[in-house]
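A.B. asks: Have a look at this one before I ask anything.
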Amino acid sequence: MSAIFDSISEPISRRVTTGLTKIGLVLRSRAWKGAGSAGITPTQGNALGMLRDASDGMKLSAVAKMLGISAPTASDAMNALVAKGLVIKKAGPDRRSINLILSPEGETAADRTREWPDFLADAVETLDADEQTTLLRALVKVIRSLQAAGDVPVQRMCISCRYFHPYVHEHGVNPHHCAFVDAAFGDRHLRLDCAEHLEAAPEVQAATWQAFTSRTESAT
């Protein structure tokens, strides 16, 4: 009987893509709703969220890169936030560069952006611990593939970090090692955006990816 469904069903990759597209539509709708009530755009809200996680501020080029937008678009967004009093331009260490940091009002506004995807977090919470870990690992793989194809900007994920060493410990629960904190951790601890991320050399990333995808850890 399963052969019948195989013949009449779309490839599972297509069905998964349909599901992700539906989630993306809802995320965009919620972002516009949350941004509109805050008097900003979703892009400006995402920029505030990034600056909130950058204690030393960010350069405009870094903002553009992380958001996957052009420099002029990033400049327009940041100038609007400066005009609203949410972002402050501060001289960088070399005196010729400008760092963008949040004002106290900007920190409050940035905190509100955390609430925009709460509905999705609540939905993910309906999954058990093993399912959440499996989903996180799968998302890491998908994002990495999109990143390699140039479809998404470079993300500060564990798998591209020089501190990340996959499967160097014997136990199945926490087989990976983070050299930054010098501690073992598991797939459930993988980060998609880590402030301490330090990009590894391309050849190191390739070897790390091979090691990471060659095995599957126990989620329990």
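We name chains A, B, ... following the order of the structure tokens; residues begin at 1 in each chain, and ligands are numbered from 1 as shown.
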Would you list the contacts of A:Ser214 as a PyMOL selection string, taking every protein, DNA or RNA residue within 12 Å and counting only C-alpha atoms, but skipping same-chain residues closer than 5 positions in sequence?
C.D. replies: chain A and resi 166-167+207-209
A.B. asks: Take the selection from the previous step and output its residues with N, CA and C atoms, as a CSV table (one decimal), in the first residue's frame.
C.D. replies:
```csv
chain,number,residue,atom,x,y,z
A,166,PRO,N,33.6,18.8,16.8
A,166,PRO,CA,32.6,17.8,16.9
A,166,PRO,C,33.1,16.4,17.2
A,167,TYR,N,32.3,15.7,18.0
A,167,TYR,CA,32.6,14.3,18.3
A,167,TYR,C,34.0,14.0,18.8
A,207,ALA,N,36.5,20.3,7.1
A,207,ALA,CA,36.8,19.1,7.9
A,207,ALA,C,35.8,19.0,9.1
A,208,THR,N,35.4,20.1,9.7
A,208,THR,CA,34.5,20.1,10.8
A,208,THR,C,33.1,19.6,10.3
A,209,TRP,N,32.7,20.1,9.1
A,209,TRP,CA,31.4,19.7,8.6
A,209,TRP,C,31.4,18.2,8.3
```
A.B. asks: Using backbone DSSP assignments, extract all strand (DSSP E) residues from stretch 32-214 of chain A; output them as a list in words.
C.D. replies: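 Strand (DSSP E) members of stretch 32-214 of chain A, listed: Val87, Ile88, Lys89, Lys90, Ala91, Ile98, Asn99, Leu100, Ile101, Leu102, Phe164, His165, His176, His177, Cys178, Ala183, Ala184 and Phe185 of chain A.
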A.B. asks: Taking 5 positions as the minimum chain separation for residues in the same chain, which residues sit within 10 Å of stretch 201-204 of chain A when counting only C-alpha atoms? Answer as a ChimeraX atom specification.
C.D. replies: /A:159-162,209-210
A.B. asks: With N, CA and C atoms retained, could you export that selection as a PDB file, in the first residue's frame?
C.D. replies:
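The file below, again_1.pdb, is the result:
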```pdb
ATOM      1  N   ILE A 159      29.060  25.325  13.673  1.00  0.00           N
ATOM      2  CA  ILE A 159      29.743  24.512  12.676  1.00  0.00           C
ATOM      3  C   ILE A 159      30.772  25.269  11.853  1.00  0.00           C
ATOM      4  N   SER A 160      30.744  26.595  11.875  1.00  0.00           N
ATOM      5  CA  SER A 160      31.740  27.373  11.134  1.00  0.00           C
ATOM      6  C   SER A 160      32.721  28.072  12.070  1.00  0.00           C
ATOM      7  N   CYS A 161      32.676  27.727  13.349  1.00  0.00           N
ATOM      8  CA  CYS A 161      33.501  28.402  14.355  1.00  0.00           C
ATOM      9  C   CYS A 161      34.777  27.621  14.651  1.00  0.00           C
ATOM     10  N   ARG A 162      35.853  28.330  14.821  1.00  0.00           N
ATOM     11  CA  ARG A 162      37.127  27.666  15.100  1.00  0.00           C
ATOM     12  C   ARG A 162      37.171  27.025  16.487  1.00  0.00           C
ATOM     13  N   TRP A 209      32.681  20.125   9.125  1.00  0.00           N
ATOM     14  CA  TRP A 209      31.393  19.729   8.579  1.00  0.00           C
ATOM     15  C   TRP A 209      31.355  18.235   8.278  1.00  0.00           C
ATOM     16  N   GLN A 210      32.442  17.721   7.740  1.00  0.00           N
ATOM     17  CA  GLN A 210      32.522  16.297   7.441  1.00  0.00           C
ATOM     18  C   GLN A 210      32.393  15.479   8.722  1.00  0.00           C
TER      19      GLN A 210
END
```
A.B. asks: Can you list, as a list of chain:residue names, every protein, DNA or RNA residue that comes within 9 Å of A:Ala38 when you count only C-alpha atoms, leaving out same-chain residues fewer than 4 positions away?
C.D. replies: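 These residues fall inside the cut-off: A:Lys33, A:Gly34, A:Gly45, A:Ala109, A:Arg112.
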A.B. asks: Those same residues - N, CA and C atoms - I'd like them written as an mmCIF file, in the first residue's frame.
C.D. replies:
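Below you can see out-v1.cif, which holds the result:
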```
data_model
loop_
_atom_site.group_PDB
_atom_site.id
_atom_site.type_symbol
_atom_site.label_atom_id
_atom_site.label_comp_id
_atom_site.auth_asym_id
_atom_site.auth_seq_id
_atom_site.Cartn_x
_atom_site.Cartn_y
_atom_site.Cartn_z
ATOM 1 N N LYS A 33 3.376 43.174 12.033
ATOM 2 C CA LYS A 33 2.440 43.607 13.075
ATOM 3 C C LYS A 33 3.187 44.173 14.275
ATOM 4 N N GLY A 34 4.230 43.446 14.714
ATOM 5 C CA GLY A 34 5.009 43.903 15.865
ATOM 6 C C GLY A 34 5.794 45.163 15.559
ATOM 7 N N GLY A 45 13.723 46.409 13.004
ATOM 8 C CA GLY A 45 13.593 45.585 14.210
ATOM 9 C C GLY A 45 14.663 44.511 14.273
ATOM 10 N N ALA A 109 13.352 48.865 22.926
ATOM 11 C CA ALA A 109 12.706 48.476 21.672
ATOM 12 C C ALA A 109 13.231 47.127 21.184
ATOM 13 N N ARG A 112 11.663 44.204 22.845
ATOM 14 C CA ARG A 112 10.315 43.891 22.362
ATOM 15 C C ARG A 112 10.357 43.018 21.112
#
```
A.B. asks: Please, which residues of stretch 44-202 of chain A, numbered as in this document, come out alpha helix (DSSP H) from DSSP, as a PyMOL selection string?
C.D. replies: chain A and resi 44-52+60-67+71-83+104-113+118-124+129-148+202
A.B. asks: Using only C-alpha atoms, please write the residues we just selected to a file, as a PDB file, in the first residue's frame.
C.D. replies:
```
ATOM      1  CA  GLN A  44      14.876  47.959  11.533  1.00  0.00           C
ATOM      2  CA  GLY A  45      13.593  45.585  14.210  1.00  0.00           C
ATOM      3  CA  ASN A  46      16.016  42.861  13.095  1.00  0.00           C
ATOM      4  CA  ALA A  47      18.845  45.400  13.197  1.00  0.00           C
ATOM      5  CA  LEU A  48      17.910  46.367  16.751  1.00  0.00           C
ATOM      6  CA  GLY A  49      17.968  42.712  17.740  1.00  0.00           C
ATOM      7  CA  MET A  50      21.438  42.273  16.265  1.00  0.00           C
ATOM      8  CA  LEU A  51      22.791  45.354  18.016  1.00  0.00           C
ATOM      9  CA  ARG A  52      21.308  44.142  21.288  1.00  0.00           C
ATOM     10  CA  LEU A  60      27.360  49.407   9.110  1.00  0.00           C
ATOM     11  CA  SER A  61      29.010  46.876   6.791  1.00  0.00           C
ATOM     12  CA  ALA A  62      28.568  44.154   9.413  1.00  0.00           C
ATOM     13  CA  VAL A  63      24.893  45.038   9.841  1.00  0.00           C
ATOM     14  CA  ALA A  64      24.346  44.815   6.088  1.00  0.00           C
ATOM     15  CA  LYS A  65      26.174  41.487   5.875  1.00  0.00           C
ATOM     16  CA  MET A  66      24.302  39.890   8.760  1.00  0.00           C
ATOM     17  CA  LEU A  67      20.914  41.063   7.496  1.00  0.00           C
ATOM     18  CA  ALA A  71      24.864  48.788   2.187  1.00  0.00           C
ATOM     19  CA  PRO A  72      22.521  51.615   1.044  1.00  0.00           C
ATOM     20  CA  THR A  73      19.496  49.773   2.458  1.00  0.00           C
ATOM     21  CA  ALA A  74      21.309  49.169   5.732  1.00  0.00           C
ATOM     22  CA  SER A  75      22.358  52.821   5.836  1.00  0.00           C
ATOM     23  CA  ASP A  76      18.749  53.962   5.352  1.00  0.00           C
ATOM     24  CA  ALA A  77      17.546  51.641   8.111  1.00  0.00           C
ATOM     25  CA  MET A  78      20.205  52.724  10.581  1.00  0.00           C
ATOM     26  CA  ASN A  79      19.779  56.428   9.808  1.00  0.00           C
ATOM     27  CA  ALA A  80      16.069  56.032  10.516  1.00  0.00           C
ATOM     28  CA  LEU A  81      16.840  54.377  13.851  1.00  0.00           C
ATOM     29  CA  VAL A  82      19.309  57.130  14.707  1.00  0.00           C
ATOM     30  CA  ALA A  83      16.647  59.727  13.905  1.00  0.00           C
ATOM     31  CA  PRO A 104      18.618  53.046  26.327  1.00  0.00           C
ATOM     32  CA  GLU A 105      15.393  53.509  24.348  1.00  0.00           C
ATOM     33  CA  GLY A 106      16.811  51.272  21.641  1.00  0.00           C
ATOM     34  CA  GLU A 107      17.520  48.529  24.181  1.00  0.00           C
ATOM     35  CA  THR A 108      13.889  48.626  25.279  1.00  0.00           C
ATOM     36  CA  ALA A 109      12.706  48.476  21.672  1.00  0.00           C
ATOM     37  CA  ALA A 110      15.127  45.632  20.926  1.00  0.00           C
ATOM     38  CA  ASP A 111      13.783  43.635  23.852  1.00  0.00           C
ATOM     39  CA  ARG A 112      10.315  43.891  22.362  1.00  0.00           C
ATOM     40  CA  THR A 113      11.527  42.314  19.125  1.00  0.00           C
ATOM     41  CA  ASP A 118       7.141  33.856  20.619  1.00  0.00           C
ATOM     42  CA  PHE A 119       4.149  32.194  18.964  1.00  0.00           C
ATOM     43  CA  LEU A 120       6.528  29.940  17.039  1.00  0.00           C
ATOM     44  CA  ALA A 121       8.578  29.148  20.138  1.00  0.00           C
ATOM     45  CA  ASP A 122       5.352  28.067  21.823  1.00  0.00           C
ATOM     46  CA  ALA A 123       4.641  25.751  18.894  1.00  0.00           C
ATOM     47  CA  VAL A 124       8.142  24.243  19.047  1.00  0.00           C
ATOM     48  CA  ALA A 129      13.108  17.122  23.893  1.00  0.00           C
ATOM     49  CA  ASP A 130      14.379  14.601  21.325  1.00  0.00           C
ATOM     50  CA  GLU A 131      12.229  16.099  18.567  1.00  0.00           C
ATOM     51  CA  GLN A 132      13.452  19.612  19.362  1.00  0.00           C
ATOM     52  CA  THR A 133      17.077  18.453  19.232  1.00  0.00           C
ATOM     53  CA  THR A 134      16.516  16.651  15.933  1.00  0.00           C
ATOM     54  CA  LEU A 135      14.818  19.743  14.489  1.00  0.00           C
ATOM     55  CA  LEU A 136      17.658  22.017  15.609  1.00  0.00           C
ATOM     56  CA  ARG A 137      20.281  19.759  14.045  1.00  0.00           C
ATOM     57  CA  ALA A 138      18.260  19.602  10.823  1.00  0.00           C
ATOM     58  CA  LEU A 139      17.959  23.395  10.729  1.00  0.00           C
ATOM     59  CA  VAL A 140      21.728  23.722  11.132  1.00  0.00           C
ATOM     60  CA  LYS A 141      22.179  21.520   8.072  1.00  0.00           C
ATOM     61  CA  VAL A 142      19.601  23.390   6.003  1.00  0.00           C
ATOM     62  CA  ILE A 143      20.977  26.821   6.914  1.00  0.00           C
ATOM     63  CA  ARG A 144      24.515  25.706   6.202  1.00  0.00           C
ATOM     64  CA  SER A 145      23.446  24.470   2.760  1.00  0.00           C
ATOM     65  CA  LEU A 146      21.687  27.772   2.016  1.00  0.00           C
ATOM     66  CA  GLN A 147      24.730  29.658   3.255  1.00  0.00           C
ATOM     67  CA  ALA A 148      27.072  27.668   1.006  1.00  0.00           C
ATOM     68  CA  PRO A 202      37.621  27.297   4.933  1.00  0.00           C
TER      69      PRO A 202
END
```
A.B. asks: Which is closest to A:Arg30 among A:Glu115, A:Leu102, A:Lys59, A:Arg215, if we use only C-alpha atoms?
C.D. replies: A:Glu115
A.B. asks: If we count only C-alpha atoms and set the cut-off at 7 Å, which residues sit around A:His177, ignoring sequence neighbours fewer than 2 positions away in its own chain? Please answer as a PyMOL selection string.
C.D. replies: chain A and resi 164-166+168+175+179+182-185
A.B. asks: For C-alpha atoms, I'd like the residues from the last selection saved as a tab-separated table (two decimals), in the first residue's frame.
C.D. replies:
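Listed below is the output, out.tsv:
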```tsv
chain	number	residue	atom	x	y	z
A	164	PHE	CA	33.87	24.01	17.66
A	165	HIS	CA	35.21	20.45	17.71
A	166	PRO	CA	32.56	17.82	16.89
A	168	VAL	CA	35.77	14.50	20.35
A	175	PRO	CA	30.13	14.57	22.28
A	179	ALA	CA	37.20	25.53	23.08
A	182	ASP	CA	36.46	24.59	27.34
A	183	ALA	CA	33.42	22.39	27.89
A	184	ALA	CA	31.61	19.48	26.29
A	185	PHE	CA	28.14	19.95	24.80
```
A.B. asks: Go ahead and compute the interatomic distance for atom CA of A:Arg156 and atom CA of A:Cys194, in Å to one decimal.
C.D. replies: 5.5 Å
A.B. asks: Distance atom CA of A:His171-atom CA of A:Asp187, one decimal place?
C.D. replies: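 Calculated distance between atom CA of A:His171 and atom CA of A:Asp187 is 12.5 Å.
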A.B. asks: Quick one: pull the distance between atom CA of A:Val154 and atom CA of A:Lys84, Å, one decimal.
C.D. replies: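 Those two atoms sit 28.7 Å apart.
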A.B. asks: Using only C-alpha atoms, pick whichever of A:Leu100, A:Val181, A:Ile40, A:Leu192 has the shortest atom-to-atom distance to A:Ser55.
C.D. replies: A:Leu100
